[in-house]
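This is start-v7.pdb (PDB, C-alpha atoms).
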```pdb
ATOM      1  CA  MET A  26      80.207 140.779 205.088
ATOM      2  CA  LYS A  27      78.518 140.298 208.475
ATOM      3  CA  ARG A  28      79.824 142.488 211.269
ATOM      4  CA  LEU A  29      79.843 142.334 215.062
ATOM      5  CA  VAL A  30      81.018 144.977 217.512
ATOM      6  CA  LEU A  31      82.566 143.447 220.606
ATOM      7  CA  THR A  32      82.671 145.870 223.552
ATOM      8  CA  PHE A  33      83.903 145.571 227.129
ATOM      9  CA  ASP A  34      82.838 147.736 230.071
ATOM     10  CA  ASP A  35      84.270 148.555 233.513
ATOM     11  CA  GLY A  36      87.997 147.938 233.029
ATOM     12  CA  PRO A  37      90.805 147.978 232.695
ATOM     13  CA  ASP A  38      91.485 145.222 235.194
ATOM     14  CA  PRO A  39      95.011 143.839 235.678
ATOM     15  CA  ILE A  40      93.915 140.199 235.409
ATOM     16  CA  TYR A  41      90.813 140.068 233.246
ATOM     17  CA  THR A  42      91.630 142.764 230.688
ATOM     18  CA  ARG A  43      95.039 141.272 230.028
ATOM     19  CA  LYS A  44      93.533 137.839 229.370
ATOM     20  CA  ILE A  45      90.900 139.317 227.040
ATOM     21  CA  LEU A  46      93.568 141.216 225.126
ATOM     22  CA  ASP A  47      95.505 137.962 224.754
ATOM     23  CA  ILE A  48      92.455 136.255 223.220
ATOM     24  CA  LEU A  49      91.796 139.149 220.844
ATOM     25  CA  LYS A  50      95.415 139.095 219.751
ATOM     26  CA  ASP A  51      95.375 135.327 219.196
ATOM     27  CA  GLU A  52      92.177 135.628 217.144
ATOM     28  CA  ASN A  53      93.440 138.730 215.312
ATOM     29  CA  ILE A  54      90.299 140.743 216.040
ATOM     30  CA  LYS A  55      89.649 144.247 217.338
ATOM     31  CA  ALA A  56      87.292 145.311 220.105
ATOM     32  CA  SER A  57      86.201 148.465 221.922
ATOM     33  CA  PHE A  58      86.915 149.082 225.594
ATOM     34  CA  PHE A  59      84.639 151.449 227.502
ATOM     35  CA  VAL A  60      87.008 152.238 230.332
ATOM     36  CA  VAL A  61      86.471 153.715 233.772
ATOM     37  CA  ALA A  62      88.943 156.607 233.854
ATOM     38  CA  LYS A  63      90.197 155.977 237.402
ATOM     39  CA  ASN A  64      90.928 152.358 236.449
ATOM     40  CA  ALA A  65      92.751 153.555 233.337
ATOM     41  CA  LEU A  66      94.878 155.833 235.509
ATOM     42  CA  GLN A  67      95.758 152.856 237.710
ATOM     43  CA  TYR A  68      96.734 150.576 234.806
ATOM     44  CA  PRO A  69      98.247 152.772 232.068
ATOM     45  CA  GLU A  70     100.163 149.837 230.602
ATOM     46  CA  LEU A  71      96.852 148.195 229.636
ATOM     47  CA  ILE A  72      95.642 151.384 227.949
ATOM     48  CA  GLU A  73      98.931 151.533 226.058
ATOM     49  CA  ARG A  74      98.531 147.921 224.975
ATOM     50  CA  MET A  75      94.964 148.567 223.749
ATOM     51  CA  LYS A  76      96.231 151.449 221.627
ATOM     52  CA  ASN A  77      99.214 149.516 220.291
ATOM     53  CA  GLU A  78      97.039 146.563 219.295
ATOM     54  CA  GLY A  79      94.476 148.675 217.440
ATOM     55  CA  HIS A  80      91.502 148.581 219.790
ATOM     56  CA  CYS A  81      89.089 151.465 220.301
ATOM     57  CA  ILE A  82      89.203 153.146 223.724
ATOM     58  CA  ALA A  83      86.001 154.854 224.817
ATOM     59  CA  LEU A  84      84.675 156.375 228.042
ATOM     60  CA  HIS A  85      82.562 154.650 230.698
ATOM     61  CA  SER A  86      82.705 157.428 233.326
ATOM     62  CA  LEU A  87      85.208 158.503 235.958
ATOM     63  CA  GLU A  88      84.346 156.034 238.738
ATOM     64  CA  HIS A  89      81.143 154.237 237.657
ATOM     65  CA  ARG A  90      78.627 156.200 239.718
ATOM     66  CA  HIS A  91      74.924 155.750 239.029
ATOM     67  CA  ALA A  92      73.655 158.774 237.090
ATOM     68  CA  PHE A  93      70.514 159.092 239.220
ATOM     69  CA  LEU A  94      72.741 159.882 242.213
ATOM     70  CA  CYS A  95      74.642 162.627 240.379
ATOM     71  CA  GLY A  96      73.673 166.279 239.992
ATOM     72  CA  TYR A  97      74.868 168.871 237.519
ATOM     73  CA  GLY A  98      78.139 169.607 239.308
ATOM     74  CA  TYR A  99      79.289 166.016 239.607
ATOM     75  CA  THR A 100      78.188 165.110 236.069
ATOM     76  CA  LYS A 101      80.208 168.036 234.724
ATOM     77  CA  TYR A 102      83.220 166.948 236.800
ATOM     78  CA  ASP A 103      82.787 163.291 235.760
ATOM     79  CA  PHE A 104      83.119 164.155 232.073
ATOM     80  CA  SER A 105      85.831 166.804 232.356
ATOM     81  CA  LYS A 106      88.077 164.849 234.738
ATOM     82  CA  SER A 107      87.650 161.578 232.811
ATOM     83  CA  LEU A 108      88.540 163.202 229.520
ATOM     84  CA  GLU A 109      91.489 165.025 231.090
ATOM     85  CA  ILE A 110      92.871 161.714 232.410
ATOM     86  CA  LEU A 111      92.433 159.927 229.092
ATOM     87  CA  ASP A 112      93.716 162.863 227.051
ATOM     88  CA  ASN A 113      96.886 162.802 229.163
ATOM     89  CA  MET A 114      97.231 159.146 228.149
ATOM     90  CA  ASP A 115      97.008 160.163 224.470
ATOM     91  CA  CYS A 116      93.556 158.647 223.991
ATOM     92  CA  ASN A 117      91.311 160.402 221.501
ATOM     93  CA  ILE A 118      87.937 159.737 223.115
ATOM     94  CA  ARG A 119      84.941 159.981 220.810
ATOM     95  CA  TYR A 120      82.440 157.535 222.316
ATOM     96  CA  TYR A 121      80.687 157.303 225.675
ATOM     97  CA  ARG A 122      78.616 154.653 227.406
ATOM     98  CA  PRO A 123      77.004 155.550 230.752
ATOM     99  CA  PRO A 124      77.276 153.069 233.632
ATOM    100  CA  TRP A 125      74.338 150.630 233.505
ATOM    101  CA  GLY A 126      73.164 152.593 230.449
ATOM    102  CA  VAL A 127      71.553 155.077 232.832
ATOM    103  CA  ARG A 128      71.491 158.792 232.024
ATOM    104  CA  ASN A 129      70.382 161.801 234.060
ATOM    105  CA  ILE A 130      69.029 165.072 232.699
ATOM    106  CA  PHE A 131      72.563 166.471 232.392
ATOM    107  CA  THR A 132      74.230 163.567 230.597
ATOM    108  CA  ARG A 133      73.185 164.664 227.127
ATOM    109  CA  ILE A 134      74.465 168.206 227.774
ATOM    110  CA  PHE A 135      77.994 167.014 228.475
ATOM    111  CA  VAL A 136      78.025 164.354 225.785
ATOM    112  CA  LYS A 137      77.261 167.137 223.302
ATOM    113  CA  ARG A 138      79.599 169.669 224.910
ATOM    114  CA  HIS A 139      82.548 167.276 224.615
ATOM    115  CA  ASN A 140      81.631 166.181 221.071
ATOM    116  CA  LEU A 141      81.058 162.590 222.120
ATOM    117  CA  GLN A 142      78.707 160.020 220.662
ATOM    118  CA  MET A 143      76.701 157.876 223.056
ATOM    119  CA  VAL A 144      76.904 154.154 222.304
ATOM    120  CA  LEU A 145      74.709 151.634 224.109
ATOM    121  CA  TRP A 146      74.333 147.988 223.027
ATOM    122  CA  ASP A 147      72.114 145.453 221.274
ATOM    123  CA  VAL A 148      73.213 142.289 223.073
ATOM    124  CA  MET A 149      73.675 141.929 226.836
ATOM    125  CA  VAL A 150      74.070 138.446 228.318
ATOM    126  CA  GLY A 151      74.409 139.195 232.042
ATOM    127  CA  ASP A 152      77.995 137.975 232.193
ATOM    128  CA  TRP A 153      78.442 139.612 235.620
ATOM    129  CA  LYS A 154      75.739 137.465 237.265
ATOM    130  CA  ALA A 155      75.936 134.246 239.274
ATOM    131  CA  GLY A 156      74.895 130.949 237.687
ATOM    132  CA  ASN A 157      76.641 131.421 234.360
ATOM    133  CA  THR A 158      79.110 129.046 232.823
ATOM    134  CA  PRO A 159      81.260 129.808 229.783
ATOM    135  CA  GLU A 160      79.016 127.504 227.734
ATOM    136  CA  ILE A 161      75.847 129.296 228.873
ATOM    137  CA  LEU A 162      77.307 132.697 228.012
ATOM    138  CA  ALA A 163      78.637 131.555 224.629
ATOM    139  CA  ASN A 164      75.231 130.085 223.810
ATOM    140  CA  LYS A 165      73.443 133.307 224.804
ATOM    141  CA  ILE A 166      75.767 135.349 222.614
ATOM    142  CA  GLU A 167      75.284 133.043 219.629
ATOM    143  CA  LYS A 168      71.484 133.092 220.004
ATOM    144  CA  LYS A 169      71.141 136.874 220.374
ATOM    145  CA  ILE A 170      73.545 138.243 217.796
ATOM    146  CA  PHE A 171      72.684 139.536 214.345
ATOM    147  CA  ASP A 172      74.574 141.371 211.614
ATOM    148  CA  GLY A 173      75.609 144.735 213.046
ATOM    149  CA  ALA A 174      74.991 143.849 216.698
ATOM    150  CA  ILE A 175      76.892 145.671 219.433
ATOM    151  CA  ILE A 176      77.708 143.142 222.165
ATOM    152  CA  CYS A 177      78.306 144.376 225.727
ATOM    153  CA  LEU A 178      80.526 142.239 227.957
ATOM    154  CA  HIS A 179      82.529 143.106 231.071
ATOM    155  CA  ASP A 180      86.228 142.963 231.897
ATOM    156  CA  GLY A 181      86.128 144.493 235.371
ATOM    157  CA  CYS A 182      82.667 144.353 236.922
ATOM    158  CA  GLU A 183      83.536 143.106 240.413
ATOM    159  CA  LYS A 184      83.942 146.621 241.814
ATOM    160  CA  TYR A 185      80.499 147.592 240.573
ATOM    161  CA  GLY A 186      78.261 144.759 241.727
ATOM    162  CA  GLY A 187      79.378 141.869 239.554
ATOM    163  CA  VAL A 188      79.943 138.427 241.051
ATOM    164  CA  LYS A 189      83.557 137.854 242.070
ATOM    165  CA  GLY A 190      85.440 135.993 239.355
ATOM    166  CA  SER A 191      82.615 136.310 236.824
ATOM    167  CA  PRO A 192      84.893 137.739 234.105
ATOM    168  CA  PHE A 193      86.684 134.377 234.015
ATOM    169  CA  ASN A 194      83.434 132.966 232.572
ATOM    170  CA  THR A 195      83.389 135.782 230.023
ATOM    171  CA  ILE A 196      86.988 135.024 229.041
ATOM    172  CA  ASP A 197      86.296 131.320 228.536
ATOM    173  CA  ALA A 198      83.029 132.086 226.712
ATOM    174  CA  LEU A 199      84.994 134.188 224.224
ATOM    175  CA  LYS A 200      87.281 131.225 223.542
ATOM    176  CA  ILE A 201      84.194 129.203 222.606
ATOM    177  CA  ALA A 202      82.152 131.860 220.784
ATOM    178  CA  ILE A 203      84.705 133.763 218.703
ATOM    179  CA  PRO A 204      85.892 130.829 216.544
ATOM    180  CA  LYS A 205      82.283 129.750 215.938
ATOM    181  CA  LEU A 206      81.208 133.250 214.947
ATOM    182  CA  LYS A 207      84.164 133.591 212.611
ATOM    183  CA  GLU A 208      83.171 130.291 210.992
ATOM    184  CA  GLU A 209      79.672 131.726 210.486
ATOM    185  CA  GLY A 210      81.177 134.614 208.524
ATOM    186  CA  TYR A 211      81.165 137.339 211.145
ATOM    187  CA  ASN A 212      83.866 139.989 211.046
ATOM    188  CA  PHE A 213      84.686 141.826 214.284
ATOM    189  CA  VAL A 214      85.018 145.606 214.038
ATOM    190  CA  THR A 215      85.472 148.434 216.526
ATOM    191  CA  VAL A 216      82.732 150.919 217.397
ATOM    192  CA  GLU A 217      84.617 153.507 215.375
ATOM    193  CA  GLU A 218      84.866 151.283 212.293
ATOM    194  CA  PHE A 219      81.208 150.324 212.578
ATOM    195  CA  LEU A 220      79.808 153.838 212.978
ATOM    196  CA  ASN A 221      82.056 155.309 210.291
ATOM    197  CA  HIS A 222      80.993 152.683 207.752
ATOM    198  CA  ALA A 223      77.409 152.025 208.788
TER     199      ALA A 223
END
```
Please go through the file and, once you have read it, give me the structure as structure tokens.
Amino acid sequence: MKRLVLTFDDGPDPIYTRKILDILKDENIKASFFVVAKNALQYPELIERMKNEGHCIALHSLEHRHAFLCGYGYTKYDFSKSLEILDNMDCNIRYYRPPWGVRNIFTRIFVKRHNLQMVLWDVMVGDWKAGNTPEILANKIEKKIFDGAIICLHDGCEKYGGVKGSPFNTIDALKIAIPKLKEEGYNFVTVEEFLNHA
């Protein structure tokens, strides 16, 4: 059985995340959401829906600061406050993805201290950039994937440098790509399912 890990960064977002969850539900597939803790705090109903529908919730920092701008004190606070927020929402956080994939010299310390596993990606299609259409993004995904690939998409990137409205392209690209990938024999699994049965 061929497997793909669909992941979303930067949410939750009240418009985009809801639409993505609707697609996942319609297609009966599970994904992993690397959430920004302050966004999670703002939209607890979306976190609750992710849990209820069987998705994996993972950490993508407190407020999406670039690691190179953060010292020891802030990095420590970033992890502890994020995990406190998500723990209070009954999320058992086991996986972490740093914003932009960037780590500083302290990141590994706190990943280890909090018993987290860092998860990056294999496939990135620049879905936050200008000039994309749903068809372009779907085509990029289909060309780059392979059995076991971790795909990184975005459900809330506007706050962090993404082009306004770009997640709408991601949403429509999923409507094109998911049925095709299912036809090709791919099964969508969460990060947790993938790493526990690698």
Who sits within 7 Å of Ile166 (chain A), only C-alpha atoms, same chain under 4 positions skipped, as JSON, numbers by chain: {"A": [150, 162, 170]}
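For the atom pair formed by CA of Glu70 (chain A) and CA of Thr215 (chain A), the distance is 20.4 Å, given to one decimal.
Ranking A:Lys168, A:Lys76, A:Arg133, A:Lys55 by their shortest atom-to-atom distance to Ala202 (chain A), with only C-alpha atoms included, puts A:Lys168 first.
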Distance table requested - region 48-147 of chain A against region 172-179 of chain A, cut-off 12 Å, only C-alpha atoms: one row per qualifying residue with the closest atom pair and its distance in Å to one decimal, ordered by chain and rising residue number, as a Markdown table.
```
| residue | atom | partner | partner_atom | distance |
| --- | --- | --- | --- | --- |
| A:Ala56 | CA | A:Ile176 | CA | 10.0 |
| A:Ser57 | CA | A:Cys177 | CA | 9.7 |
| A:Phe58 | CA | A:His179 | CA | 9.2 |
| A:Phe59 | CA | A:His179 | CA | 9.3 |
| A:Val60 | CA | A:His179 | CA | 10.2 |
| A:Val61 | CA | A:His179 | CA | 11.6 |
| A:His85 | CA | A:His179 | CA | 11.6 |
| A:Arg122 | CA | A:Cys177 | CA | 10.4 |
| A:Pro124 | CA | A:His179 | CA | 11.6 |
| A:Trp125 | CA | A:Cys177 | CA | 10.7 |
| A:Gly126 | CA | A:Cys177 | CA | 10.8 |
| A:Val144 | CA | A:Ile175 | CA | 9.0 |
| A:Leu145 | CA | A:Ile175 | CA | 7.9 |
| A:Trp146 | CA | A:Ile175 | CA | 5.0 |
| A:Asp147 | CA | A:Ile175 | CA | 5.1 |
```
Starting from the PyMOL selection byres ((chain A and resi 210) around 10), expand the selection into actual residues of this file and give them as a ChimeraX atom specification. /A:26-28,172,205-209,211-213
Have a look at CA of Met75 (chain A) and CA of Leu199 (chain A) and let me know their distance in Å, one decimal. 17.5 Å
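The space between CA of Arg74 (chain A) and CA of Thr42 (chain A) spans 10.3 Å.
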Report as an MDAnalysis selection string the full result of the PyMOL selection byres ((chain A and resi 71) around 10) when it is applied to this structure. chainID A and resid 36:39 42:43 46 64:70 72:77
For Ile196 (chain A), list every protein, DNA or RNA residue within 12 Å, evaluated using all atoms listed in the file, and leave out those in the same chain fewer than 4 positions away; present the list as a ChimeraX atom specification. /A:33,40-49,152-153,158-160,162-163,178-181,190-192,200-203
Between A:Ala62, A:Ala155, A:Ile130, A:Ile54, which is the closest to His80 (chain A) once you count only C-alpha atoms? A:Ile54
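For the choices A:Asp115, A:Ile134, A:Tyr185, A:Phe104, the atom-to-atom distance to His91 (chain A) is smallest for A:Tyr185 when using only C-alpha atoms.
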With 10 Å as the cut-off and only C-alpha atoms counted, what is the closest atom pair between each nearby residue of region 129-213 of chain A and region 97-102 of chain A? Distances in Å to one decimal, ordered by chain and number, as a tab-separated table.
```
residue	atom	partner	partner_atom	distance
A:Asn129	CA	A:Thr100	CA	8.7
A:Ile130	CA	A:Tyr97	CA	8.5
A:Phe131	CA	A:Tyr97	CA	6.1
A:Thr132	CA	A:Thr100	CA	6.9
A:Ile134	CA	A:Lys101	CA	9.0
A:Phe135	CA	A:Lys101	CA	6.7
A:Val136	CA	A:Lys101	CA	9.9
A:Arg138	CA	A:Lys101	CA	10.0
```
From the set A:Ser86, A:Asn140, A:Lys106, A:Asp51, which residue has the shortest atom-to-atom contact distance to Val127 (chain A), counting only C-alpha atoms? A:Ser86
Care to translate the PyMOL selection byres ((chain A and resi 220) around 12) into actual residues of this file, as a list in words? Arg28, Leu29, Val30, Arg119, Tyr120, Gln142, Met143, Val144, Gly173, Ala174, Ile175, Val214, Thr215, Val216, Glu217, Glu218, Phe219, Asn221, His222 and Ala223 of chain A
List the spatial neighbours of Cys116 (chain A) as a PDB file with C-alpha atoms, keeping the file's coordinate frame - criterion: any atom at most 10 Å away, only C-alpha atoms, same-chain residues fewer than 4 positions off excluded.
```
ATOM      1  CA  ILE A  72      95.642 151.384 227.949  1.00  0.00           C
ATOM      2  CA  GLU A  73      98.931 151.533 226.058  1.00  0.00           C
ATOM      3  CA  LYS A  76      96.231 151.449 221.627  1.00  0.00           C
ATOM      4  CA  CYS A  81      89.089 151.465 220.301  1.00  0.00           C
ATOM      5  CA  ILE A  82      89.203 153.146 223.724  1.00  0.00           C
ATOM      6  CA  ALA A  83      86.001 154.854 224.817  1.00  0.00           C
ATOM      7  CA  LEU A 108      88.540 163.202 229.520  1.00  0.00           C
ATOM      8  CA  GLU A 109      91.489 165.025 231.090  1.00  0.00           C
ATOM      9  CA  ILE A 110      92.871 161.714 232.410  1.00  0.00           C
ATOM     10  CA  LEU A 111      92.433 159.927 229.092  1.00  0.00           C
ATOM     11  CA  ASP A 112      93.716 162.863 227.051  1.00  0.00           C
TER      12      ASP A 112
END
```
From the set A:Val148, A:Pro123, A:Gly156, A:Thr32, which residue has the shortest atom-to-atom contact distance to Phe171 (chain A), counting all atoms listed in the file? A:Val148
